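Chemist: See coords_0.cif below, with mmCIF, C-alpha atoms.
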```cif
data_run
#
loop_
_atom_site.label_atom_id
_atom_site.label_comp_id
_atom_site.auth_asym_id
_atom_site.auth_seq_id
_atom_site.Cartn_x
_atom_site.Cartn_y
_atom_site.Cartn_z
CA HIS X 20 -11.01 -0.43 9.35
CA ARG X 21 -10.24 -2.04 12.65
CA SER X 22 -12.69 -4.07 14.73
CA ASN X 23 -12.49 -6.11 17.94
CA SER X 24 -11.31 -9.11 15.94
CA GLY X 25 -8.61 -7.22 14.05
CA TRP X 26 -8.07 -5.28 10.86
CA SER X 27 -10.37 -5.82 7.90
CA PRO X 28 -8.55 -6.06 4.58
CA VAL X 29 -9.60 -3.95 1.60
CA PHE X 30 -11.57 -5.96 -0.94
CA VAL X 31 -10.80 -5.14 -4.57
CA THR X 32 -13.21 -7.82 -5.80
CA ASP X 33 -15.22 -10.50 -4.02
CA ASN X 34 -12.27 -12.90 -4.16
CA LEU X 35 -9.33 -10.49 -3.91
CA SER X 36 -8.39 -8.55 -0.78
CA LEU X 37 -5.21 -6.79 0.28
CA MET X 38 -3.47 -4.85 3.01
CA SER X 39 -0.92 -2.12 2.49
CA ILE X 40 0.84 0.41 4.67
CA GLY X 41 -0.39 2.98 2.17
CA PHE X 42 -3.90 2.57 3.58
CA LEU X 43 -2.67 3.77 6.97
CA LEU X 44 -0.96 6.95 5.83
CA PRO X 45 -2.76 10.32 6.06
CA ASN X 46 -1.18 11.28 2.72
CA ALA X 47 -0.47 8.78 -0.05
CA ASP X 48 2.73 10.65 -0.94
CA ASP X 49 4.19 10.42 2.58
CA ALA X 50 7.45 8.53 2.98
CA VAL X 51 7.61 5.69 5.51
CA ILE X 52 10.79 6.28 7.53
CA TRP X 53 10.78 3.44 10.03
CA ARG X 54 13.50 1.40 11.65
CA GLY X 55 13.48 -2.40 11.72
CA PRO X 56 11.50 -3.04 14.97
CA ARG X 57 8.59 -0.84 13.91
CA LYS X 58 8.43 -2.41 10.45
CA ASP X 59 8.54 -5.84 12.04
CA GLY X 60 5.61 -4.93 14.30
CA LEU X 61 3.46 -3.80 11.37
CA ILE X 62 4.26 -6.92 9.33
CA LYS X 63 3.25 -9.02 12.33
CA GLN X 64 -0.07 -7.16 12.56
CA PHE X 65 -0.73 -7.60 8.83
CA LEU X 66 -0.13 -11.34 9.12
CA LYS X 67 -1.64 -12.15 12.52
CA ASP X 68 -4.15 -9.41 13.33
CA THR X 69 -5.97 -9.19 9.99
CA GLU X 70 -9.27 -10.98 9.29
CA TRP X 71 -8.10 -12.76 6.15
CA ALA X 72 -10.83 -15.44 6.44
CA ASP X 73 -10.33 -18.57 4.31
CA LEU X 74 -7.72 -17.99 1.62
CA ASP X 75 -6.63 -19.99 -1.40
CA PHE X 76 -3.39 -18.02 -1.56
CA LEU X 77 -1.67 -15.41 0.59
CA ILE X 78 0.82 -13.55 -1.60
CA ILE X 79 3.36 -11.24 0.04
CA ASP X 80 4.99 -8.72 -2.30
CA ALA X 81 8.42 -8.21 -0.76
CA PRO X 82 10.80 -5.39 -1.73
CA PRO X 83 14.05 -6.15 -3.57
CA GLY X 84 17.01 -7.19 -1.49
CA THR X 85 17.45 -9.23 1.68
CA SER X 86 16.35 -6.86 4.41
CA ASP X 87 14.43 -6.85 7.70
CA GLU X 88 11.11 -7.28 5.90
CA HIS X 89 12.12 -10.66 4.50
CA LEU X 90 13.37 -11.91 7.84
CA SER X 91 10.16 -10.77 9.55
CA VAL X 92 7.96 -12.64 7.08
CA VAL X 93 10.00 -15.83 7.49
CA GLN X 94 9.87 -15.56 11.29
CA HIS X 95 6.15 -14.81 11.62
CA MET X 96 5.08 -17.37 8.99
CA LYS X 97 7.28 -20.15 10.34
CA LEU X 98 4.51 -22.06 12.12
CA ALA X 99 1.96 -21.56 9.35
CA GLY X 100 4.46 -22.60 6.72
CA ILE X 101 5.53 -20.92 3.50
CA ASP X 102 4.85 -22.81 0.27
CA GLY X 103 7.69 -21.04 -1.46
CA ALA X 104 9.06 -17.91 -3.08
CA VAL X 105 8.58 -16.65 -6.62
CA VAL X 106 11.62 -14.60 -7.60
CA ILE X 107 11.18 -11.85 -10.20
CA THR X 108 14.03 -10.42 -12.26
CA THR X 109 14.67 -8.46 -15.43
CA PRO X 110 17.15 -9.68 -18.07
CA GLN X 111 20.10 -7.38 -17.39
CA GLU X 112 23.00 -8.48 -15.23
CA ILE X 113 22.73 -5.60 -12.77
CA ALA X 114 19.27 -6.85 -11.75
CA MET X 115 20.27 -10.51 -11.59
CA ALA X 116 23.18 -9.69 -9.27
CA ASP X 117 20.57 -8.86 -6.61
CA VAL X 118 18.38 -11.81 -7.56
CA ARG X 119 21.24 -14.23 -6.92
CA LYS X 120 21.38 -12.85 -3.38
CA GLU X 121 17.62 -13.41 -3.05
CA ILE X 122 18.07 -17.02 -4.11
CA SER X 123 20.89 -17.45 -1.61
CA PHE X 124 18.74 -15.90 1.13
CA CYS X 125 15.89 -18.34 0.45
CA GLN X 126 18.26 -21.29 0.51
CA LYS X 127 19.82 -20.20 3.81
CA VAL X 128 16.50 -19.69 5.65
CA GLY X 129 14.93 -22.84 4.21
CA ILE X 130 12.35 -21.32 1.84
CA ARG X 131 11.64 -23.39 -1.24
CA ILE X 132 12.16 -21.46 -4.48
CA LEU X 133 9.14 -22.15 -6.67
CA GLY X 134 10.85 -20.56 -9.62
CA VAL X 135 12.12 -17.42 -11.33
CA VAL X 136 10.15 -15.19 -13.72
CA GLU X 137 11.92 -12.89 -16.16
CA ASN X 138 9.88 -9.70 -16.40
CA MET X 139 10.19 -7.01 -19.11
CA SER X 140 11.73 -9.60 -21.40
CA GLY X 141 11.74 -7.55 -24.57
CA LEU X 142 9.23 -5.08 -26.01
CA ASP X 143 7.02 -6.76 -28.61
CA LEU X 144 4.39 -4.63 -30.34
CA PRO X 145 2.25 -4.80 -33.50
CA PHE X 146 3.74 -2.67 -36.28
CA ASN X 147 0.58 -0.60 -36.68
CA CYS X 148 -0.37 -0.09 -33.03
CA ASP X 149 -0.77 3.41 -31.57
CA GLN X 150 2.25 2.98 -29.30
CA VAL X 151 4.65 2.66 -32.26
CA LYS X 152 5.79 6.01 -33.65
CA PHE X 153 8.40 6.79 -36.30
CA THR X 154 10.20 10.13 -36.33
CA SER X 155 12.69 11.79 -38.62
CA ALA X 156 16.30 11.70 -37.38
CA GLU X 157 16.84 15.13 -38.92
CA ASP X 158 14.15 17.24 -37.27
CA GLY X 159 12.09 14.84 -35.12
CA THR X 160 8.89 15.19 -37.13
CA ASP X 161 6.34 12.38 -37.00
CA ILE X 162 6.62 10.24 -40.15
CA THR X 163 4.63 7.27 -38.86
CA LEU X 164 1.99 7.31 -41.61
CA ARG X 165 4.62 7.64 -44.35
CA VAL X 166 6.57 4.67 -42.98
CA ARG X 167 3.46 2.51 -42.70
CA ASP X 168 2.37 3.40 -46.23
CA ALA X 169 5.86 2.61 -47.59
CA VAL X 170 5.95 -0.76 -45.84
CA GLU X 171 2.46 -1.67 -47.06
CA LYS X 172 3.33 -0.73 -50.65
CA ASP X 173 6.55 -2.75 -50.44
CA ILE X 174 4.64 -5.79 -49.19
CA HIS X 175 2.12 -5.53 -52.06
CA SER X 176 4.91 -5.04 -54.60
CA HIS X 177 6.89 -8.02 -53.28
CA ALA X 178 3.81 -10.22 -53.27
CA ARG X 179 3.02 -9.43 -56.92
CA ALA X 180 6.61 -9.99 -58.02
CA SER X 181 7.09 -13.31 -56.25
CA SER X 182 3.54 -14.71 -56.40
CA GLU X 183 3.76 -15.38 -52.68
CA ASN X 184 0.95 -14.94 -50.20
CA MET X 185 0.89 -11.33 -49.11
CA HIS X 186 1.55 -10.64 -45.44
CA ASP X 187 -0.99 -8.50 -43.70
CA PRO X 188 0.82 -5.44 -42.26
CA CYS X 189 -1.16 -6.07 -39.06
CA SER X 190 0.72 -9.36 -38.67
CA ILE X 191 4.12 -7.61 -38.64
CA ARG X 192 5.59 -7.19 -35.18
CA ILE X 193 8.42 -5.08 -33.80
CA HIS X 194 10.66 -6.63 -31.14
CA ILE X 195 13.19 -4.67 -29.11
CA ASP X 196 15.42 -6.05 -26.37
CA VAL X 197 15.10 -3.05 -24.07
CA PHE X 198 17.17 -4.75 -21.36
CA PRO X 199 19.77 -6.88 -23.18
CA ALA X 200 20.53 -10.21 -21.50
CA SER X 201 24.29 -9.74 -21.55
CA ARG X 202 24.98 -13.03 -19.76
CA GLY X 203 22.14 -15.20 -20.98
CA GLY X 204 19.32 -13.73 -18.90
CA ALA X 205 17.25 -15.44 -16.24
CA LEU X 206 17.22 -18.83 -17.97
CA LYS X 207 21.01 -19.05 -17.88
CA MET X 208 21.04 -17.88 -14.26
CA CYS X 209 18.49 -20.55 -13.28
CA GLU X 210 20.54 -23.26 -14.93
CA GLY X 211 23.59 -22.19 -12.93
CA ALA X 212 21.69 -21.86 -9.65
CA GLY X 213 19.71 -25.08 -10.05
CA VAL X 214 16.29 -23.42 -9.71
CA LYS X 215 13.24 -23.65 -11.95
CA TYR X 216 12.69 -21.10 -14.70
CA LEU X 217 8.94 -20.38 -14.79
CA GLY X 218 9.01 -18.29 -17.96
CA SER X 219 9.16 -14.71 -19.18
CA LEU X 220 6.78 -11.78 -19.59
CA PRO X 221 7.26 -9.04 -22.19
CA LEU X 222 7.28 -5.31 -21.60
CA ASP X 223 3.69 -4.71 -22.70
CA PRO X 224 1.89 -1.33 -22.41
CA ALA X 225 -1.36 -3.22 -21.74
CA ILE X 226 0.06 -4.52 -18.46
CA ALA X 227 0.90 -0.96 -17.37
CA ILE X 228 -2.54 0.31 -18.39
CA ALA X 229 -4.31 -2.51 -16.56
CA SER X 230 -2.24 -1.87 -13.43
CA GLU X 231 -2.84 1.89 -13.50
CA LYS X 232 -6.60 1.43 -13.93
CA GLY X 233 -6.92 -1.43 -11.47
CA HIS X 234 -8.25 -3.88 -14.06
CA SER X 235 -7.38 -7.47 -14.82
CA LEU X 236 -5.35 -7.99 -17.96
CA PHE X 237 -7.81 -10.76 -18.84
CA SER X 238 -10.87 -8.51 -18.71
CA ARG X 239 -12.61 -6.69 -21.55
CA THR X 240 -13.18 -3.64 -19.37
CA LYS X 241 -12.89 -0.24 -21.01
CA THR X 242 -10.56 2.33 -19.49
CA SER X 243 -11.57 5.89 -18.67
CA THR X 244 -10.24 6.96 -22.07
CA GLY X 245 -12.53 4.48 -23.83
CA SER X 246 -9.73 2.11 -24.80
CA ASN X 247 -10.53 -1.57 -24.55
CA LEU X 248 -7.91 -3.57 -22.66
CA HIS X 249 -8.78 -6.63 -24.71
CA ALA X 250 -7.88 -4.71 -27.87
CA LEU X 251 -4.74 -3.15 -26.37
CA ARG X 252 -3.23 -6.30 -24.97
CA ASP X 253 -1.06 -8.59 -27.02
CA SER X 254 -2.37 -12.15 -27.20
CA SER X 255 1.17 -13.47 -26.81
CA THR X 256 1.46 -11.56 -23.51
CA VAL X 257 -1.61 -13.30 -22.11
CA THR X 258 -0.28 -16.62 -23.41
CA SER X 259 3.04 -15.99 -21.64
CA LEU X 260 1.28 -15.00 -18.43
CA ASN X 261 -0.90 -18.11 -18.51
CA SER X 262 2.18 -20.23 -19.11
CA VAL X 263 3.89 -18.76 -16.03
CA ILE X 264 0.75 -19.28 -13.92
CA ASP X 265 0.41 -22.89 -15.08
CA ALA X 266 4.07 -23.60 -14.29
CA LEU X 267 3.69 -22.03 -10.85
CA LEU X 268 0.52 -23.97 -10.04
CA SER X 269 2.28 -27.15 -11.15
CA GLU X 270 5.09 -26.42 -8.70
CA LEU X 271 2.60 -25.72 -5.91
CA GLY X 272 0.75 -28.94 -6.69
CA GLY X 273 3.98 -30.84 -6.17
CA ALA X 274 4.75 -29.07 -2.89
#
```
Do you think you could lay out the structure here as structure tokens?
Modeler:
Amino acid sequence: HRSNSGWSPVFVTDNLSLMSIGFLLPNADDAVIWRGPRKDGLIKQFLKDTEWADLDFLIIDAPPGTSDEHLSVVQHMKLAGIDGAVVITTPQEIAMADVRKEISFCQKVGIRILGVVENMSGLDLPFNCDQVKFTSAEDGTDITLRVRDAVEKDIHSHARASSENMHDPCSIRIHIDVFPASRGGALKMCEGAGVKYLGSLPLDPAIAIASEKGHSLFSRTKTSTGSNLHALRDSSTVTSLNSVIDALLSELGGA
């Protein structure tokens, strides 16, 4: 709501608050059809007329591209100072073509690029998780249980024949490059642009579930369907996320 001292942000938790134009719309499905000056005015209000109190970080989620919104943020935050920009991309070239423009924009307006994160960098799932289904190419019937049984029997048979330690089927993982990095992905782009590569995050259903339910990926909170996020998430996803956070904090510490 709005008070004499300005807008009050919406608190998600005690240490996390946010502002969004969606809070101001009478209908969440309404489109926002505004020209540049009106958008600039709202961004100014979000930044200057909101009771943010003492913050450790103020993170502005900007849309893709190099539009009025980006220029407004740079202009209104000029005196306060901007620590830097975190640029997000996906591995395919069509996405990185826009990201290169973002990098150029930051360089031209004097914003330090803290680094680039490659999101949706491959789908990596446990072989026996609920999200993995196998179907027949002939009629589309679900043959998941038959495939899992066949793989497990093959593992047991191979282990007996070779006297090797048997792999637990639960330890088998399926990796798919959903968005092929046709030109080397974000890492190659960073090397060419001379900016830091912060790391990559996989395409993980647990991230989508946590986002939809408004939970932290690090929590053990159960969803409305009874699923436990801690059980759904892939430990390597959390490791990757922590690695990106650590690299980003390191960059901020050297600012």
Chemist: May I have the protein, DNA and RNA residues with any atom at most 12 Å from the point (6.6, 6.8, -41.5), counting all atoms listed in the file, written as a PyMOL selection string?
Modeler: chain X and resi 146-147+151-156+159-171
Chemist: Which residues are close to Gly129 (chain X), i.e. within 12 Å by only C-alpha atoms, leaving aside same-chain residues fewer than 5 positions away? Reply as a ChimeraX atom specification.
Modeler: /X:90,93-94,97,100-104,122-124
Chemist: Got time to write the residues from that selection, C-alpha atoms, as a compact mmCIF listing (two decimals), in the frame of the given file?
Modeler:
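Saved to part_12.txt:
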```
# COMPACT_ATOMS: atom_id res chain seq x y z
CA LEU X 90 13.37 -11.91 7.84
CA VAL X 93 10.00 -15.83 7.49
CA GLN X 94 9.87 -15.56 11.29
CA LYS X 97 7.28 -20.15 10.34
CA GLY X 100 4.46 -22.60 6.72
CA ILE X 101 5.53 -20.92 3.50
CA ASP X 102 4.85 -22.81 0.27
CA GLY X 103 7.69 -21.04 -1.46
CA ALA X 104 9.06 -17.91 -3.08
CA ILE X 122 18.07 -17.02 -4.11
CA SER X 123 20.89 -17.45 -1.61
CA PHE X 124 18.74 -15.90 1.13
```
Chemist: Using all atoms listed in the file, determine which residues lie at most 10 Å from region 139-145 of chain X, disregarding the query and same-chain residues fewer than 3 positions distant; provide the list as a PyMOL selection string.
Modeler: chain X and resi 108-111+136+148-151+188-200+204-205+218-224+252-253+255-256
Chemist: Could you save the residues just selected, with C-alpha atoms, as a PDB file, in the frame of the given file?
Modeler:
```pdb
ATOM      1  CA  THR X 108      14.030 -10.420 -12.260  1.00  0.00           C
ATOM      2  CA  THR X 109      14.670  -8.460 -15.430  1.00  0.00           C
ATOM      3  CA  PRO X 110      17.150  -9.680 -18.070  1.00  0.00           C
ATOM      4  CA  GLN X 111      20.100  -7.380 -17.390  1.00  0.00           C
ATOM      5  CA  VAL X 136      10.150 -15.190 -13.720  1.00  0.00           C
ATOM      6  CA  CYS X 148      -0.370  -0.090 -33.030  1.00  0.00           C
ATOM      7  CA  ASP X 149      -0.770   3.410 -31.570  1.00  0.00           C
ATOM      8  CA  GLN X 150       2.250   2.980 -29.300  1.00  0.00           C
ATOM      9  CA  VAL X 151       4.650   2.660 -32.260  1.00  0.00           C
ATOM     10  CA  PRO X 188       0.820  -5.440 -42.260  1.00  0.00           C
ATOM     11  CA  CYS X 189      -1.160  -6.070 -39.060  1.00  0.00           C
ATOM     12  CA  SER X 190       0.720  -9.360 -38.670  1.00  0.00           C
ATOM     13  CA  ILE X 191       4.120  -7.610 -38.640  1.00  0.00           C
ATOM     14  CA  ARG X 192       5.590  -7.190 -35.180  1.00  0.00           C
ATOM     15  CA  ILE X 193       8.420  -5.080 -33.800  1.00  0.00           C
ATOM     16  CA  HIS X 194      10.660  -6.630 -31.140  1.00  0.00           C
ATOM     17  CA  ILE X 195      13.190  -4.670 -29.110  1.00  0.00           C
ATOM     18  CA  ASP X 196      15.420  -6.050 -26.370  1.00  0.00           C
ATOM     19  CA  VAL X 197      15.100  -3.050 -24.070  1.00  0.00           C
ATOM     20  CA  PHE X 198      17.170  -4.750 -21.360  1.00  0.00           C
ATOM     21  CA  PRO X 199      19.770  -6.880 -23.180  1.00  0.00           C
ATOM     22  CA  ALA X 200      20.530 -10.210 -21.500  1.00  0.00           C
ATOM     23  CA  GLY X 204      19.320 -13.730 -18.900  1.00  0.00           C
ATOM     24  CA  ALA X 205      17.250 -15.440 -16.240  1.00  0.00           C
ATOM     25  CA  GLY X 218       9.010 -18.290 -17.960  1.00  0.00           C
ATOM     26  CA  SER X 219       9.160 -14.710 -19.180  1.00  0.00           C
ATOM     27  CA  LEU X 220       6.780 -11.780 -19.590  1.00  0.00           C
ATOM     28  CA  PRO X 221       7.260  -9.040 -22.190  1.00  0.00           C
ATOM     29  CA  LEU X 222       7.280  -5.310 -21.600  1.00  0.00           C
ATOM     30  CA  ASP X 223       3.690  -4.710 -22.700  1.00  0.00           C
ATOM     31  CA  PRO X 224       1.890  -1.330 -22.410  1.00  0.00           C
ATOM     32  CA  ARG X 252      -3.230  -6.300 -24.970  1.00  0.00           C
ATOM     33  CA  ASP X 253      -1.060  -8.590 -27.020  1.00  0.00           C
ATOM     34  CA  SER X 255       1.170 -13.470 -26.810  1.00  0.00           C
ATOM     35  CA  THR X 256       1.460 -11.560 -23.510  1.00  0.00           C
TER      36      THR X 256
END
```
Chemist: So how far away is CA of Lys215 (chain X) from CA of Ile264 (chain X), in Å?
Modeler: 13.4 Å
Chemist: Which value, in Å to one decimal, gives the distance between CA of Gly213 (chain X) and CA of Ala266 (chain X)?
Modeler: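 These two atoms are separated by 16.3 Å.
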Chemist: To one decimal in Å, tell me the separation between CA of Asp68 (chain X) and CA of Trp26 (chain X).
Modeler: 6.2 Å
Chemist: Can you give me, as a list in words, the residues this file yields under the PyMOL selection byres ((chain X and resi 268) around 12)?
Modeler: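 Taken over the shown coordinates, the PyMOL selection byres ((chain X and resi 268) around 12) returns Asp75, Phe76, Asp102, Gly103, Val105, Leu133, Gly134, Leu217, Asn261, Ser262, Val263, Ile264, Asp265, Ala266, Leu267, Ser269, Glu270, Leu271, Gly272, Gly273 and Ala274 of chain X.
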Chemist: Got time to write the residues from that selection, C-alpha atoms, as a JSON list (two decimals), in the coordinates of the input?
Modeler:
```json
[["chain", "number", "residue", "atom", "x", "y", "z"],
["X", 75, "ASP", "CA", -6.63, -19.99, -1.40],
["X", 76, "PHE", "CA", -3.39, -18.02, -1.56],
["X", 102, "ASP", "CA", 4.85, -22.81, 0.27],
["X", 103, "GLY", "CA", 7.69, -21.04, -1.46],
["X", 105, "VAL", "CA", 8.58, -16.65, -6.62],
["X", 133, "LEU", "CA", 9.14, -22.15, -6.67],
["X", 134, "GLY", "CA", 10.85, -20.56, -9.62],
["X", 217, "LEU", "CA", 8.94, -20.38, -14.79],
["X", 261, "ASN", "CA", -0.90, -18.11, -18.51],
["X", 262, "SER", "CA", 2.18, -20.23, -19.11],
["X", 263, "VAL", "CA", 3.89, -18.76, -16.03],
["X", 264, "ILE", "CA", 0.75, -19.28, -13.92],
["X", 265, "ASP", "CA", 0.41, -22.89, -15.08],
["X", 266, "ALA", "CA", 4.07, -23.60, -14.29],
["X", 267, "LEU", "CA", 3.69, -22.03, -10.85],
["X", 269, "SER", "CA", 2.28, -27.15, -11.15],
["X", 270, "GLU", "CA", 5.09, -26.42, -8.70],
["X", 271, "LEU", "CA", 2.60, -25.72, -5.91],
["X", 272, "GLY", "CA", 0.75, -28.94, -6.69],
["X", 273, "GLY", "CA", 3.98, -30.84, -6.17],
["X", 274, "ALA", "CA", 4.75, -29.07, -2.89]]
```
Chemist: To test your reading of the syntax: which residues would the PyMOL selection byres ((chain X and resi 39) around 10) return for the file shown? Reply as number ranges by chain.
Modeler: X: 28-29, 37-38, 40-44, 62, 65
Chemist: Identify all residues satisfying the PyMOL selection byres ((chain X and resi 83) around 12) in the given file; provide them as a PDB file with C-alpha atoms, in the frame of the given file.
Modeler:
```
ATOM      1  CA  ASP X  80       4.990  -8.720  -2.300  1.00  0.00           C
ATOM      2  CA  ALA X  81       8.420  -8.210  -0.760  1.00  0.00           C
ATOM      3  CA  PRO X  82      10.800  -5.390  -1.730  1.00  0.00           C
ATOM      4  CA  GLY X  84      17.010  -7.190  -1.490  1.00  0.00           C
ATOM      5  CA  THR X  85      17.450  -9.230   1.680  1.00  0.00           C
ATOM      6  CA  SER X  86      16.350  -6.860   4.410  1.00  0.00           C
ATOM      7  CA  ASP X  87      14.430  -6.850   7.700  1.00  0.00           C
ATOM      8  CA  GLU X  88      11.110  -7.280   5.900  1.00  0.00           C
ATOM      9  CA  HIS X  89      12.120 -10.660   4.500  1.00  0.00           C
ATOM     10  CA  VAL X 106      11.620 -14.600  -7.600  1.00  0.00           C
ATOM     11  CA  ILE X 107      11.180 -11.850 -10.200  1.00  0.00           C
ATOM     12  CA  THR X 108      14.030 -10.420 -12.260  1.00  0.00           C
ATOM     13  CA  ALA X 114      19.270  -6.850 -11.750  1.00  0.00           C
ATOM     14  CA  MET X 115      20.270 -10.510 -11.590  1.00  0.00           C
ATOM     15  CA  ALA X 116      23.180  -9.690  -9.270  1.00  0.00           C
ATOM     16  CA  ASP X 117      20.570  -8.860  -6.610  1.00  0.00           C
ATOM     17  CA  VAL X 118      18.380 -11.810  -7.560  1.00  0.00           C
ATOM     18  CA  ARG X 119      21.240 -14.230  -6.920  1.00  0.00           C
ATOM     19  CA  LYS X 120      21.380 -12.850  -3.380  1.00  0.00           C
ATOM     20  CA  GLU X 121      17.620 -13.410  -3.050  1.00  0.00           C
ATOM     21  CA  ILE X 122      18.070 -17.020  -4.110  1.00  0.00           C
ATOM     22  CA  PHE X 124      18.740 -15.900   1.130  1.00  0.00           C
TER      23      PHE X 124
END
```
Chemist: Of the residues X:Ala50, X:Met96, X:Ile79, X:Ile113, which is the one nearest to Lys67 (chain X), using only C-alpha atoms?
Modeler: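 For Lys67 (chain X), the nearest of the given residues is X:Met96.
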Chemist: Find, counting only C-alpha atoms, the residue in X:Cys209, X:Ile226, X:Leu77, X:Leu66 that gets nearest to His95 (chain X).
Modeler: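 Using only C-alpha atoms, the shortest distance to His95 (chain X) belongs to X:Leu66.
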Chemist: Starting from the sparse input, extend region 55-71 of chain X to N, CA, C and O atoms and give the output as an mmCIF file, keeping the file's coordinate frame.
Modeler:
```cif
data_model
loop_
_atom_site.group_PDB
_atom_site.id
_atom_site.type_symbol
_atom_site.label_atom_id
_atom_site.label_comp_id
_atom_site.auth_asym_id
_atom_site.auth_seq_id
_atom_site.Cartn_x
_atom_site.Cartn_y
_atom_site.Cartn_z
ATOM 1 N N GLY X 55 13.850 -0.984 11.777
ATOM 2 C CA GLY X 55 13.480 -2.400 11.720
ATOM 3 C C GLY X 55 12.399 -2.842 12.690
ATOM 4 O O GLY X 55 11.418 -3.468 12.275
ATOM 5 N N PRO X 56 12.498 -2.550 14.009
ATOM 6 C CA PRO X 56 11.500 -3.040 14.970
ATOM 7 C C PRO X 56 10.077 -2.582 14.664
ATOM 8 O O PRO X 56 9.124 -3.339 14.829
ATOM 9 N N ARG X 57 9.931 -1.340 14.214
ATOM 10 C CA ARG X 57 8.590 -0.840 13.910
ATOM 11 C C ARG X 57 8.029 -1.506 12.661
ATOM 12 O O ARG X 57 6.849 -1.829 12.593
ATOM 13 N N LYS X 58 8.876 -1.705 11.659
ATOM 14 C CA LYS X 58 8.430 -2.410 10.450
ATOM 15 C C LYS X 58 8.048 -3.837 10.786
ATOM 16 O O LYS X 58 7.049 -4.369 10.282
ATOM 17 N N ASP X 59 8.826 -4.473 11.638
ATOM 18 C CA ASP X 59 8.540 -5.840 12.040
ATOM 19 C C ASP X 59 7.183 -5.923 12.747
ATOM 20 O O ASP X 59 6.394 -6.858 12.507
ATOM 21 N N GLY X 60 6.885 -4.937 13.587
ATOM 22 C CA GLY X 60 5.610 -4.930 14.300
ATOM 23 C C GLY X 60 4.429 -4.812 13.350
ATOM 24 O O GLY X 60 3.400 -5.479 13.537
ATOM 25 N N LEU X 61 4.565 -3.973 12.322
ATOM 26 C CA LEU X 61 3.460 -3.800 11.370
ATOM 27 C C LEU X 61 3.264 -5.067 10.540
ATOM 28 O O LEU X 61 2.126 -5.481 10.280
ATOM 29 N N ILE X 62 4.361 -5.684 10.101
ATOM 30 C CA ILE X 62 4.260 -6.920 9.330
ATOM 31 C C ILE X 62 3.557 -7.994 10.156
ATOM 32 O O ILE X 62 2.704 -8.742 9.654
ATOM 33 N N LYS X 63 3.888 -8.055 11.436
ATOM 34 C CA LYS X 63 3.250 -9.020 12.330
ATOM 35 C C LYS X 63 1.746 -8.767 12.421
ATOM 36 O O LYS X 63 0.933 -9.707 12.389
ATOM 37 N N GLN X 64 1.355 -7.495 12.502
ATOM 38 C CA GLN X 64 -0.070 -7.160 12.560
ATOM 39 C C GLN X 64 -0.775 -7.529 11.253
ATOM 40 O O GLN X 64 -1.893 -8.042 11.268
ATOM 41 N N PHE X 65 -0.128 -7.254 10.116
ATOM 42 C CA PHE X 65 -0.730 -7.600 8.830
ATOM 43 C C PHE X 65 -0.974 -9.103 8.722
ATOM 44 O O PHE X 65 -1.975 -9.556 8.168
ATOM 45 N N LEU X 66 -0.033 -9.884 9.252
ATOM 46 C CA LEU X 66 -0.130 -11.340 9.120
ATOM 47 C C LEU X 66 -1.031 -11.970 10.178
ATOM 48 O O LEU X 66 -1.808 -12.891 9.869
ATOM 49 N N LYS X 67 -0.956 -11.482 11.410
ATOM 50 C CA LYS X 67 -1.640 -12.150 12.520
ATOM 51 C C LYS X 67 -2.902 -11.461 12.995
ATOM 52 O O LYS X 67 -3.768 -12.104 13.594
ATOM 53 N N ASP X 68 -3.020 -10.160 12.789
ATOM 54 C CA ASP X 68 -4.150 -9.410 13.330
ATOM 55 C C ASP X 68 -5.102 -8.924 12.242
ATOM 56 O O ASP X 68 -5.843 -7.955 12.447
ATOM 57 N N THR X 69 -5.086 -9.565 11.091
ATOM 58 C CA THR X 69 -5.970 -9.190 9.990
ATOM 59 C C THR X 69 -6.964 -10.326 9.736
ATOM 60 O O THR X 69 -6.587 -11.498 9.731
ATOM 61 N N GLU X 70 -8.218 -9.975 9.538
ATOM 62 C CA GLU X 70 -9.270 -10.980 9.290
ATOM 63 C C GLU X 70 -9.201 -11.435 7.819
ATOM 64 O O GLU X 70 -10.017 -11.007 6.991
ATOM 65 N N TRP X 71 -8.267 -12.298 7.528
ATOM 66 C CA TRP X 71 -8.100 -12.760 6.150
ATOM 67 C C TRP X 71 -9.173 -13.762 5.745
ATOM 68 O O TRP X 71 -9.373 -14.005 4.552
#
```
